file start-v2.txt (compact mmCIF, C-alpha atoms)
# COMPACT_ATOMS: atom_id res chain seq x y z
CA MET A 1 -2.78 15.33 -21.37
CA ALA A 2 -4.90 14.02 -18.50
CA ARG A 3 -3.04 12.80 -15.45
CA ASN A 4 -2.96 9.13 -14.69
CA VAL A 5 -3.21 7.34 -11.34
CA TYR A 6 -1.08 4.30 -10.52
CA GLY A 7 -1.56 1.86 -7.68
CA LEU A 8 1.73 0.20 -6.65
CA ASP A 9 2.17 -2.88 -4.50
CA LEU A 10 5.92 -3.35 -4.17
CA GLY A 11 6.53 -6.86 -2.95
CA THR A 12 9.93 -8.32 -2.14
CA TYR A 13 9.97 -10.48 -5.26
CA GLU A 14 7.24 -9.03 -7.45
CA ILE A 15 5.89 -5.60 -8.35
CA LYS A 16 2.16 -5.30 -8.95
CA VAL A 17 0.84 -2.18 -10.71
CA TYR A 18 -2.66 -0.89 -11.41
CA ASP A 19 -2.81 1.57 -14.32
CA ASN A 20 -6.02 3.58 -13.97
CA LYS A 21 -5.91 5.08 -17.47
CA GLN A 22 -5.60 1.66 -19.12
CA ASP A 23 -7.72 0.02 -16.40
CA GLU A 24 -5.34 -2.90 -16.17
CA ILE A 25 -3.25 -4.71 -13.57
CA TRP A 26 0.16 -6.07 -14.48
CA LYS A 27 3.01 -7.56 -12.52
CA GLU A 28 6.70 -8.17 -13.00
CA LYS A 29 9.58 -9.61 -10.99
CA ASN A 30 11.27 -7.17 -8.62
CA VAL A 31 14.83 -7.93 -9.71
CA ILE A 32 17.69 -6.32 -11.58
CA ALA A 33 20.80 -7.75 -13.30
CA ILE A 34 23.99 -5.68 -13.02
CA GLU A 35 27.02 -6.17 -15.26
CA HIS A 36 30.50 -5.56 -13.80
CA GLN A 37 28.84 -4.10 -10.65
CA LYS A 38 27.83 -0.88 -12.43
CA ASN A 39 25.96 -1.35 -15.73
CA ILE A 40 22.28 -2.30 -15.74
CA PHE A 41 22.06 -5.43 -17.87
CA ALA A 42 18.38 -6.38 -17.47
CA VAL A 43 15.39 -5.69 -15.21
CA GLY A 44 12.15 -7.39 -14.22
CA ASP A 45 11.17 -10.76 -15.66
CA SER A 46 14.13 -10.88 -18.06
CA ALA A 47 16.55 -10.37 -15.15
CA TYR A 48 14.80 -13.05 -13.07
CA GLU A 49 15.31 -15.58 -15.89
CA MET A 50 19.06 -15.15 -15.29
CA TYR A 51 18.83 -15.93 -11.58
CA GLU A 52 21.22 -18.78 -10.62
CA LYS A 53 22.37 -18.98 -14.26
CA THR A 54 24.67 -15.97 -14.74
CA PRO A 55 28.46 -15.77 -15.22
CA ASP A 56 30.51 -14.14 -12.46
CA TYR A 57 30.50 -10.68 -14.04
CA ILE A 58 26.70 -10.41 -13.92
CA GLN A 59 25.08 -10.04 -10.52
CA VAL A 60 21.33 -10.62 -10.11
CA VAL A 61 20.03 -8.62 -7.15
CA PHE A 62 16.69 -8.00 -5.47
CA PRO A 63 16.37 -4.31 -4.45
CA MET A 64 14.00 -5.15 -1.59
CA LYS A 65 14.75 -7.24 1.48
CA GLU A 66 12.16 -8.56 3.94
CA GLY A 67 9.48 -6.21 2.68
CA VAL A 68 11.45 -2.94 2.72
CA ILE A 69 13.74 -1.18 0.24
CA SER A 70 17.38 -2.18 0.75
CA ARG A 71 18.91 -0.88 -2.53
CA PHE A 72 17.19 2.43 -3.13
CA ASP A 73 18.92 3.49 -6.38
CA ASP A 74 18.43 0.07 -7.98
CA MET A 75 14.79 0.02 -6.93
CA GLN A 76 14.20 3.48 -8.38
CA HIS A 77 15.85 2.55 -11.68
CA LEU A 78 13.82 -0.67 -11.87
CA LEU A 79 10.49 1.03 -11.19
CA GLN A 80 11.12 3.83 -13.70
CA ASN A 81 12.14 1.32 -16.33
CA LEU A 82 9.07 -0.86 -15.82
CA LEU A 83 6.62 2.05 -15.83
CA SER A 84 8.04 3.58 -18.99
CA ARG A 85 8.47 0.36 -20.99
CA ASP A 86 5.65 0.15 -23.59
CA ARG A 87 3.08 1.29 -21.05
CA ARG A 88 2.33 4.86 -22.17
CA PHE A 89 3.80 6.18 -18.93
CA ILE A 90 2.63 9.70 -18.02
CA ARG A 91 4.76 12.02 -15.91
CA GLY A 92 3.07 14.11 -13.24
CA SER A 93 0.74 11.26 -12.33
CA GLU A 94 -0.69 10.41 -8.92
CA TYR A 95 0.38 7.30 -7.00
CA LEU A 96 -1.13 5.15 -4.28
CA LEU A 97 1.44 2.89 -2.57
CA ALA A 98 0.70 -0.18 -0.47
CA VAL A 99 3.32 -0.40 2.30
CA PRO A 100 4.03 -3.11 4.89
CA THR A 101 1.91 -2.86 8.01
CA ASP A 102 4.64 -3.16 10.63
CA VAL A 103 7.67 -1.11 9.57
CA THR A 104 9.12 2.15 10.85
CA GLU A 105 7.92 5.50 9.56
CA VAL A 106 11.39 6.07 8.08
CA GLU A 107 11.04 2.85 6.08
CA LYS A 108 7.61 3.99 4.90
CA ARG A 109 9.17 7.29 3.90
CA ALA A 110 11.58 5.37 1.64
CA PHE A 111 8.60 4.10 -0.39
CA TYR A 112 7.35 7.68 -0.68
CA ASP A 113 10.76 9.02 -1.70
CA LEU A 114 11.13 6.24 -4.26
CA VAL A 115 8.38 7.81 -6.36
CA ILE A 116 8.39 11.49 -5.40
CA HIS A 117 12.12 11.94 -6.17
CA SER A 118 12.18 9.93 -9.39
CA THR A 119 11.89 11.02 -13.02
CA ALA A 120 8.19 10.19 -12.67
CA ARG A 121 7.76 13.70 -11.20
CA ALA A 122 4.71 12.55 -9.31
CA LYS A 123 2.02 15.11 -8.61
CA GLU A 124 0.91 13.35 -5.46
CA VAL A 125 1.85 10.21 -3.52
CA LYS A 126 -0.53 8.61 -1.03
CA ILE A 127 0.17 5.69 1.31
CA ILE A 128 -1.99 2.86 2.60
CA GLU A 129 -1.12 -0.13 4.79
CA ARG A 130 -1.09 -3.35 2.77
CA GLY A 131 -3.41 -5.06 5.25
CA ILE A 132 -6.10 -2.46 4.58
CA ALA A 133 -5.56 -2.69 0.81
CA ASP A 134 -5.94 -6.47 1.10
CA ALA A 135 -9.22 -6.09 2.99
CA VAL A 136 -10.62 -3.79 0.31
CA GLY A 137 -9.42 -6.19 -2.39
CA LEU A 138 -11.28 -9.00 -0.60
CA GLY A 139 -14.48 -6.99 -0.95
CA LEU A 140 -14.91 -6.46 2.79
CA ASP A 141 -16.67 -3.46 4.30
CA VAL A 142 -13.47 -2.18 5.88
CA LYS A 143 -14.95 0.94 7.46
CA ASN A 144 -17.77 -0.85 9.28
CA GLU A 145 -16.46 -4.35 10.02
CA LYS A 146 -15.48 -4.64 13.69
CA GLY A 147 -12.99 -7.46 13.29
CA ILE A 148 -10.94 -8.59 10.27
CA PHE A 149 -7.83 -10.79 10.48
CA ILE A 150 -5.70 -10.91 7.33
CA ALA A 151 -2.48 -12.88 6.84
CA ASN A 152 -0.53 -11.88 3.72
CA PHE A 153 1.93 -14.65 2.87
CA GLY A 154 4.69 -13.16 0.70
CA GLY A 155 8.15 -13.85 -0.66
CA GLU A 156 10.18 -13.06 2.47
CA THR A 157 7.58 -11.94 4.99
CA THR A 158 4.16 -12.77 6.34
CA GLU A 159 2.15 -9.68 7.29
CA LEU A 160 -0.46 -10.15 10.00
CA SER A 161 -3.12 -7.45 10.30
CA VAL A 162 -6.20 -7.13 12.49
CA LEU A 163 -8.56 -4.33 11.43
CA SER A 164 -11.60 -2.77 13.03
CA SER A 165 -13.75 0.13 11.80
CA GLY A 166 -11.25 1.09 9.09
CA GLY A 167 -8.24 1.19 11.40
CA MET A 168 -5.43 -1.11 12.46
CA VAL A 169 -5.88 -2.83 15.84
CA LEU A 170 -2.73 -4.98 15.76
CA ASN A 171 -0.12 -5.78 13.13
CA LYS A 172 3.07 -7.79 12.90
CA LEU A 173 5.63 -8.40 10.17
CA VAL A 174 6.95 -11.96 10.47
CA LYS A 175 10.19 -12.29 8.52
CA ILE A 176 9.31 -15.67 7.08
CA GLY A 177 7.97 -16.27 3.58
CA GLY A 178 8.37 -18.40 0.49
CA VAL A 179 12.13 -17.87 0.31
CA GLN A 180 12.66 -19.22 3.84
CA PHE A 181 10.55 -22.25 2.94
CA ASP A 182 12.68 -22.86 -0.16
CA LEU A 183 15.98 -22.48 1.68
CA ALA A 184 14.77 -24.92 4.33
CA VAL A 185 13.91 -27.46 1.59
CA ALA A 186 17.32 -27.02 -0.10
CA ASP A 187 19.10 -27.37 3.26
CA LEU A 188 17.30 -30.58 4.23
CA VAL A 189 17.89 -32.12 0.79
CA ARG A 190 21.60 -31.31 1.17
CA LYS A 191 21.80 -32.85 4.65
CA ASN A 192 19.72 -35.95 3.98
CA LYS A 193 20.72 -36.71 0.40
CA ASP A 194 24.21 -35.15 0.09
CA PHE A 195 22.65 -33.40 -2.88
CA LEU A 196 22.94 -29.72 -3.74
CA ILE A 197 20.01 -27.92 -5.39
CA GLY A 198 19.34 -24.24 -6.08
CA ARG A 199 16.59 -22.17 -4.51
CA LEU A 200 14.49 -22.25 -7.69
CA THR A 201 14.57 -26.05 -7.71
CA ALA A 202 13.57 -26.05 -4.04
CA GLU A 203 10.74 -23.67 -4.94
CA LYS A 204 9.55 -26.12 -7.58
CA LEU A 205 9.43 -28.89 -4.95
CA ARG A 206 7.57 -26.68 -2.49
CA ARG A 207 5.00 -25.57 -5.08
CA GLU A 208 4.44 -29.12 -6.30
CA PHE A 209 4.05 -30.80 -2.91
CA GLY A 210 2.57 -27.99 -0.82
CA VAL A 211 1.62 -28.36 2.83
CA PHE A 212 -1.13 -30.94 2.72
CA ASN A 213 -2.89 -33.28 0.27
CA GLU A 214 -3.87 -36.91 0.07
CA HIS A 215 -0.82 -37.98 -1.97
CA ASN A 216 1.57 -38.91 0.84
CA ASP A 217 3.79 -41.13 -1.31
CA ALA A 218 4.47 -38.70 -4.18
CA SER A 219 7.99 -37.99 -5.44
CA ILE A 220 9.77 -35.88 -8.05
CA SER A 221 13.03 -36.38 -9.93
CA ILE A 222 15.15 -33.21 -9.90
CA ALA A 223 18.55 -32.12 -11.18
CA GLY A 224 21.34 -31.09 -8.84
CA ARG A 225 24.92 -31.90 -7.85
CA ASN A 226 26.07 -34.91 -5.90
CA LEU A 227 28.19 -33.56 -3.05
CA LEU A 228 30.15 -36.80 -2.69
CA THR A 229 31.26 -37.02 -6.32
CA GLY A 230 30.89 -33.38 -7.32
CA LEU A 231 29.08 -34.46 -10.48
CA PRO A 232 25.70 -33.35 -11.88
CA GLN A 233 23.01 -35.88 -11.19
CA ARG A 234 19.27 -36.45 -10.93
CA LYS A 235 17.70 -37.68 -7.71
CA THR A 236 14.19 -38.56 -6.60
CA ILE A 237 12.90 -36.46 -3.73
CA GLN A 238 9.99 -37.73 -1.63
CA ILE A 239 7.11 -35.55 -0.53
CA GLY A 240 7.80 -36.30 3.14
CA LEU A 241 11.22 -34.65 2.99
CA VAL A 242 9.76 -31.40 1.63
CA ARG A 243 6.93 -31.38 4.17
CA ALA A 244 9.43 -31.92 6.99
CA ALA A 245 11.53 -29.00 5.74
CA ILE A 246 8.73 -26.43 5.69
CA LYS A 247 7.31 -27.56 9.03
CA ASP A 248 9.49 -25.33 11.24
CA PRO A 249 9.09 -22.00 9.38
CA LEU A 250 5.35 -22.64 9.06
CA GLU A 251 5.04 -23.30 12.79
CA GLU A 252 6.80 -20.00 13.51
CA ILE A 253 4.15 -18.16 11.49
CA VAL A 254 1.35 -20.01 13.28
CA LYS A 255 2.89 -19.17 16.65
CA SER A 256 2.83 -15.45 15.74
CA MET A 257 -0.80 -15.72 14.60
CA LEU A 258 -1.87 -17.37 17.85
CA SER A 259 0.03 -14.79 19.87
CA MET A 260 -1.76 -11.98 18.03
CA ILE A 261 -5.17 -13.57 18.61
CA ASP A 262 -4.39 -13.84 22.34
CA ARG A 263 -3.63 -10.09 22.48
CA LEU A 264 -6.86 -8.97 20.79
CA PRO A 265 -9.51 -6.99 22.70
CA PRO A 266 -12.34 -9.35 23.74
CA ASP A 267 -14.95 -7.84 21.35
CA VAL A 268 -12.64 -8.09 18.35
CA ARG A 269 -11.50 -11.58 19.29
CA ARG A 270 -15.11 -12.75 19.48
CA ILE A 271 -15.67 -11.64 15.89
CA ILE A 272 -12.45 -13.29 14.67
CA ASN A 273 -13.48 -16.54 16.37
CA THR A 274 -16.73 -16.40 14.40
CA GLU A 275 -15.55 -15.03 11.05
CA GLY A 276 -12.09 -16.63 10.97
CA ILE A 277 -9.13 -15.32 9.00
CA PHE A 278 -8.39 -14.39 5.40
CA ILE A 279 -5.16 -15.33 3.66
CA THR A 280 -3.67 -13.41 0.74
CA GLY A 281 -0.29 -13.03 -1.01
CA GLY A 282 1.44 -15.26 -3.52
CA LEU A 283 2.34 -17.94 -0.96
CA ALA A 284 -1.35 -18.31 -0.03
CA ASN A 285 -1.64 -20.40 -3.22
CA LEU A 286 0.58 -23.08 -1.67
CA PRO A 287 -1.46 -26.30 -1.91
CA GLY A 288 -3.04 -27.24 1.41
CA LEU A 289 -1.98 -24.11 3.31
CA ASP A 290 -5.58 -23.09 4.06
CA VAL A 291 -6.40 -26.64 5.24
CA TYR A 292 -3.34 -26.74 7.51
CA LEU A 293 -4.14 -23.34 9.06
CA ARG A 294 -7.76 -24.32 9.64
CA GLU A 295 -6.64 -27.43 11.52
CA VAL A 296 -3.97 -25.84 13.73
CA LEU A 297 -5.79 -22.57 14.45
CA ASN A 298 -9.25 -24.16 14.79
CA LEU A 299 -10.65 -21.22 12.84
CA ARG A 300 -12.39 -20.71 9.53
CA VAL A 301 -9.80 -19.87 6.84
CA ARG A 302 -10.72 -18.17 3.54
CA LYS A 303 -8.27 -17.60 0.70
CA ALA A 304 -8.57 -14.64 -1.68
CA LYS A 305 -9.64 -15.70 -5.18
CA ARG A 306 -6.59 -14.04 -6.72
CA SER A 307 -4.44 -13.88 -3.64
CA ASP A 308 -1.25 -12.75 -5.40
CA ILE A 309 -2.86 -9.50 -6.63
CA CYS A 310 -5.41 -8.99 -3.84
CA ALA A 311 -3.69 -5.87 -2.47
CA VAL A 312 -3.39 -4.17 -5.86
CA GLU A 313 -7.04 -5.01 -6.58
CA GLY A 314 -7.75 -3.14 -3.34
CA LEU A 315 -5.74 -0.17 -4.63
CA LYS A 316 -7.82 -0.24 -7.81
CA LYS A 317 -11.06 -0.05 -5.79
CA ILE A 318 -9.73 2.77 -3.62
CA ILE A 319 -8.61 4.81 -6.64
CA SER A 320 -12.05 4.33 -8.20
CA ASN A 321 -14.07 5.12 -5.06
CA LYS A 322 -13.69 8.52 -3.40
CA ASP A 323 -15.43 7.28 -0.26
CA LEU A 324 -12.43 5.01 0.39
CA ALA A 325 -9.90 7.85 0.04
CA THR A 326 -10.01 8.43 3.82
CA LEU A 327 -8.19 5.11 4.26
CA THR A 328 -5.10 6.65 2.64
CA TYR A 329 -2.73 9.36 3.85
CA SER A 330 0.14 11.52 2.67
CA MET A 331 3.54 11.70 4.33
CA LEU A 332 3.32 15.45 3.89
CA ASP A 333 0.46 15.58 6.39
CA GLU A 334 1.00 17.31 9.71
CA ASP A 335 1.71 14.01 11.49
CA TYR A 336 4.77 13.46 9.27
CA ARG A 337 6.24 16.97 9.32
CA TRP A 338 9.36 15.69 11.12
CA LEU A 339 10.15 13.45 8.16
CA ARG A 340 10.46 16.27 5.64

call {"tool": "encode", "arguments": {"input": "start-v2.txt", "output": "structure tokens"}}
result
Amino acid sequence: MARNVYGLDLGTYEIKVYDNKQDEIWKEKNVIAIEHQKNIFAVGDSAYEMYEKTPDYIQVVFPMKEGVISRFDDMQHLLQNLLSRDRRFIRGSEYLLAVPTDVTEVEKRAFYDLVIHSTARAKEVKIIERGIADAVGLGLDVKNEKGIFIANFGGETTELSVLSSGGMVLNKLVKIGGVQFDLAVADLVRKNKDFLIGRLTAEKLRREFGVFNEHNDASISIAGRNLLTGLPQRKTIQIGLVRAAIKDPLEEIVKSMLSMIDRLPPDVRRIINTEGIFITGGLANLPGLDVYLREVLNLRVRKAKRSDICAVEGLKKIISNKDLATLTYSMLDEDYRWLR
């Protein structure tokens, strides 16, 4: 049987996979439900549906934290389960993994070990920085462009990458993403309204209102618990409260972006000032985010058409194009001998 090639983009809250043999991209939630702290009860989307709804004996956990693997065994079980479930999974396949751009080599090695030491029995595992995968997914000429600024807005992190001539000039992993936005919304609703809501409800508010639009008097009725009476209740939440909540975490991201631009070599900075920045990742779909960034950065801002799967679309192009293979590397190369 012919070997297959998989492209894996392992996000904090979602796994994106490209299956070369089937020529398809699919994604599933990066979550696992554990019963009595030992038995796997559910994985992926079915486990995520239980989040904030389970009895005490079922724990819903996310095997990744802030872009890196925090529960290795759970992550390995989840990945093996998802690959083998009705997807004609082939052992001995090759893998291309997108990894965060600003983590330690040991943390990158964990991504490698996740696949190479699993029942997948991988023939080969290659690594590529997510920022480069994003650039390829955007359709940019990564090897020849002299200045590319990409901001990947994810679940718990925002990855900032500046590329030039196929290499990384600067990168930074900002530990702020959609989850921090949601927690900030839930916290401000609790303080201002004496009203307790879950993170998923806060996420609904954030997705609905976004960062910027012309509807400044919008509101939504949501379910929660009145902290004064302890009883379930519905309350109307105004758009201004949500916007105020996400202001601080968003400004922290902008501050990191401006700091990175200030540190760029003059030639690269000149190109970024002309070409602007690209935004990718699931959070890039937040309404008005591109408009807000354009205003505060005073730069052109372009959002990927399918920002949530931009990186895995880049993996697809790299797998299909041998000329792009030089952008990838193996952790068995000479530079990584100390990690063996």

call {"tool": "residues_around", "arguments": {"input": "start-v2.txt", "residues": "region 16-32 of chain A", "least_positions_apart": "4", "cutoff": "7 Å", "atoms": "all atoms listed in the file", "output": "ChimeraX atom specification"}}
result
/A:4-10,12,42-45,47-48,60-63,78,309,312,316

call {"tool": "closest_residue", "arguments": {"input": "start-v2.txt", "among": "A:Ser259, A:Asn81, A:Ser118, A:Ser219", "to": "Ser93 (chain A)", "atoms": "only C-alpha atoms"}}
result
A:Ser118

call {"tool": "residues_around", "arguments": {"input": "start-v2.txt", "residues": "Val68 (chain A)", "least_positions_apart": "5", "cutoff": "10 Å", "atoms": "all atoms listed in the file", "output": "ChimeraX atom specification"}}
result
/A:10-12,63,99-100,103-104,107-108,110-111

call {"tool": "residues_around", "arguments": {"input": "start-v2.txt", "residues": "region 222-224 of chain A", "least_positions_apart": "4", "cutoff": "6 Å", "atoms": "all atoms listed in the file", "output": "ChimeraX atom specification"}}
result
/A:196-197,232-235

call {"tool": "closest_residue", "arguments": {"input": "start-v2.txt", "among": "A:Asp267, A:Glu35, A:Thr236, A:Gly198", "to": "Thr54 (chain A)", "atoms": "only C-alpha atoms"}}
result
A:Glu35

call {"tool": "atom_distance", "arguments": {"input": "start-v2.txt", "atom1": "CA of Lys175 (chain A)", "atom2": "CA of Ala284 (chain A)"}}
result
15.6 Å

call {"tool": "closest_residue", "arguments": {"input": "start-v2.txt", "among": "A:Val291, A:Leu173, A:Ile40, A:Val301", "to": "Glu66 (chain A)", "atoms": "all atoms listed in the file"}}
result
A:Leu173

call {"tool": "atom_distance", "arguments": {"input": "start-v2.txt", "atom1": "CA of Ile277 (chain A)", "atom2": "CA of Val106 (chain A)"}}
result
29.7 Å

call {"tool": "atom_distance", "arguments": {"input": "start-v2.txt", "atom1": "CA of Glu129 (chain A)", "atom2": "CA of Gly288 (chain A)"}}
result
27.4 Å

call {"tool": "residues_around", "arguments": {"input": "start-v2.txt", "residues": "Pro287 (chain A)", "least_positions_apart": "2", "cutoff": "12 Å", "atoms": "only C-alpha atoms", "output": "PyMOL selection string"}}
result
chain A and resi 205-215+243+282-285+289-293+303

call {"tool": "closest_residue", "arguments": {"input": "start-v2.txt", "among": "A:Lys146, A:Lys193, A:His117, A:Arg91", "to": "Ser164 (chain A)", "atoms": "all atoms listed in the file"}}
result
A:Lys146

call {"tool": "closest_residue", "arguments": {"input": "start-v2.txt", "among": "A:Ala325, A:Ile272, A:Leu188, A:Met75", "to": "Asp248 (chain A)", "atoms": "all atoms listed in the file"}}
result
A:Leu188

call {"tool": "closest_residue", "arguments": {"input": "start-v2.txt", "among": "A:Ile271, A:Ile148, A:Asp308, A:Leu79", "to": "Val136 (chain A)", "atoms": "all atoms listed in the file"}}
result
A:Ile148

call {"tool": "residues_near_point", "arguments": {"input": "start-v2.txt", "point": "(-13.1, 4.6, -2.1)", "cutoff": "12 Å", "atoms": "all atoms listed in the file", "output": "short mmCIF file (atom, residue, chain, number, x, y, z; two decimals) with C-alpha atoms, in the coordinates of the input"}}
result
data_model
loop_
_atom_site.label_atom_id
_atom_site.label_comp_id
_atom_site.auth_asym_id
_atom_site.auth_seq_id
_atom_site.Cartn_x
_atom_site.Cartn_y
_atom_site.Cartn_z
CA ILE A 132 -6.10 -2.46 4.58
CA ALA A 133 -5.56 -2.69 0.81
CA VAL A 136 -10.62 -3.79 0.31
CA GLY A 137 -9.42 -6.19 -2.39
CA GLY A 139 -14.48 -6.99 -0.95
CA ASP A 141 -16.67 -3.46 4.30
CA VAL A 142 -13.47 -2.18 5.88
CA LYS A 143 -14.95 0.94 7.46
CA GLY A 166 -11.25 1.09 9.09
CA GLY A 314 -7.75 -3.14 -3.34
CA LEU A 315 -5.74 -0.17 -4.63
CA LYS A 316 -7.82 -0.24 -7.81
CA LYS A 317 -11.06 -0.05 -5.79
CA ILE A 318 -9.73 2.77 -3.62
CA ILE A 319 -8.61 4.81 -6.64
CA SER A 320 -12.05 4.33 -8.20
CA ASN A 321 -14.07 5.12 -5.06
CA LYS A 322 -13.69 8.52 -3.40
CA ASP A 323 -15.43 7.28 -0.26
CA LEU A 324 -12.43 5.01 0.39
CA ALA A 325 -9.90 7.85 0.04
CA THR A 326 -10.01 8.43 3.82
CA LEU A 327 -8.19 5.11 4.26
CA THR A 328 -5.10 6.65 2.64
#

call {"tool": "residues_around", "arguments": {"input": "start-v2.txt", "residues": "Gly240 (chain A)", "least_positions_apart": "3", "cutoff": "8 Å", "atoms": "all atoms listed in the file", "output": "JSON, numbers by chain"}}
result
{"A": [216, 217, 243, 244]}

call {"tool": "decode", "arguments": {"input": "start-v2.txt", "residues": "region 58-96 of chain A", "atoms": "C-alpha atoms", "output": "mmCIF file, in the first residue's frame"}}
result
data_model
loop_
_atom_site.group_PDB
_atom_site.id
_atom_site.type_symbol
_atom_site.label_atom_id
_atom_site.label_comp_id
_atom_site.auth_asym_id
_atom_site.auth_seq_id
_atom_site.Cartn_x
_atom_site.Cartn_y
_atom_site.Cartn_z
ATOM 1 C CA ILE A 58 -16.044 13.597 33.829
ATOM 2 C CA GLN A 59 -13.198 16.030 33.256
ATOM 3 C CA VAL A 60 -12.895 17.869 29.932
ATOM 4 C CA VAL A 61 -9.263 18.781 29.281
ATOM 5 C CA PHE A 62 -7.263 20.469 26.539
ATOM 6 C CA PRO A 63 -3.932 18.652 25.988
ATOM 7 C CA MET A 64 -2.236 21.819 24.727
ATOM 8 C CA LYS A 65 -1.612 25.012 26.649
ATOM 9 C CA GLU A 66 -0.511 28.326 25.131
ATOM 10 C CA GLY A 67 0.545 26.711 21.883
ATOM 11 C CA VAL A 68 2.635 23.837 23.272
ATOM 12 C CA ILE A 69 1.865 20.296 24.437
ATOM 13 C CA SER A 70 1.119 20.189 28.172
ATOM 14 C CA ARG A 71 -0.462 16.689 28.452
ATOM 15 C CA PHE A 72 1.621 14.527 26.158
ATOM 16 C CA ASP A 73 -0.124 11.158 26.666
ATOM 17 C CA ASP A 74 -3.589 12.671 26.243
ATOM 18 C CA MET A 75 -2.475 14.520 23.120
ATOM 19 C CA GLN A 76 -1.015 11.347 21.628
ATOM 20 C CA HIS A 77 -4.177 9.361 22.337
ATOM 21 C CA LEU A 78 -6.340 12.116 20.848
ATOM 22 C CA LEU A 79 -4.292 12.407 17.655
ATOM 23 C CA GLN A 80 -4.180 8.645 17.093
ATOM 24 C CA ASN A 81 -7.908 8.389 17.646
ATOM 25 C CA LEU A 82 -8.728 11.193 15.219
ATOM 26 C CA LEU A 83 -6.424 9.923 12.478
ATOM 27 C CA SER A 84 -7.745 6.373 12.649
ATOM 28 C CA ARG A 85 -11.456 7.209 12.940
ATOM 29 C CA ASP A 86 -13.123 6.563 9.542
ATOM 30 C CA ARG A 87 -10.248 8.199 7.698
ATOM 31 C CA ARG A 88 -8.454 5.214 6.136
ATOM 32 C CA PHE A 89 -5.411 5.917 8.284
ATOM 33 C CA ILE A 90 -2.173 4.405 6.926
ATOM 34 C CA ARG A 91 0.705 3.480 9.217
ATOM 35 C CA GLY A 92 4.235 4.258 8.108
ATOM 36 C CA SER A 93 3.145 7.571 6.603
ATOM 37 C CA GLU A 94 5.116 10.799 6.391
ATOM 38 C CA TYR A 95 4.178 13.880 8.432
ATOM 39 C CA LEU A 96 4.762 17.597 8.132
#
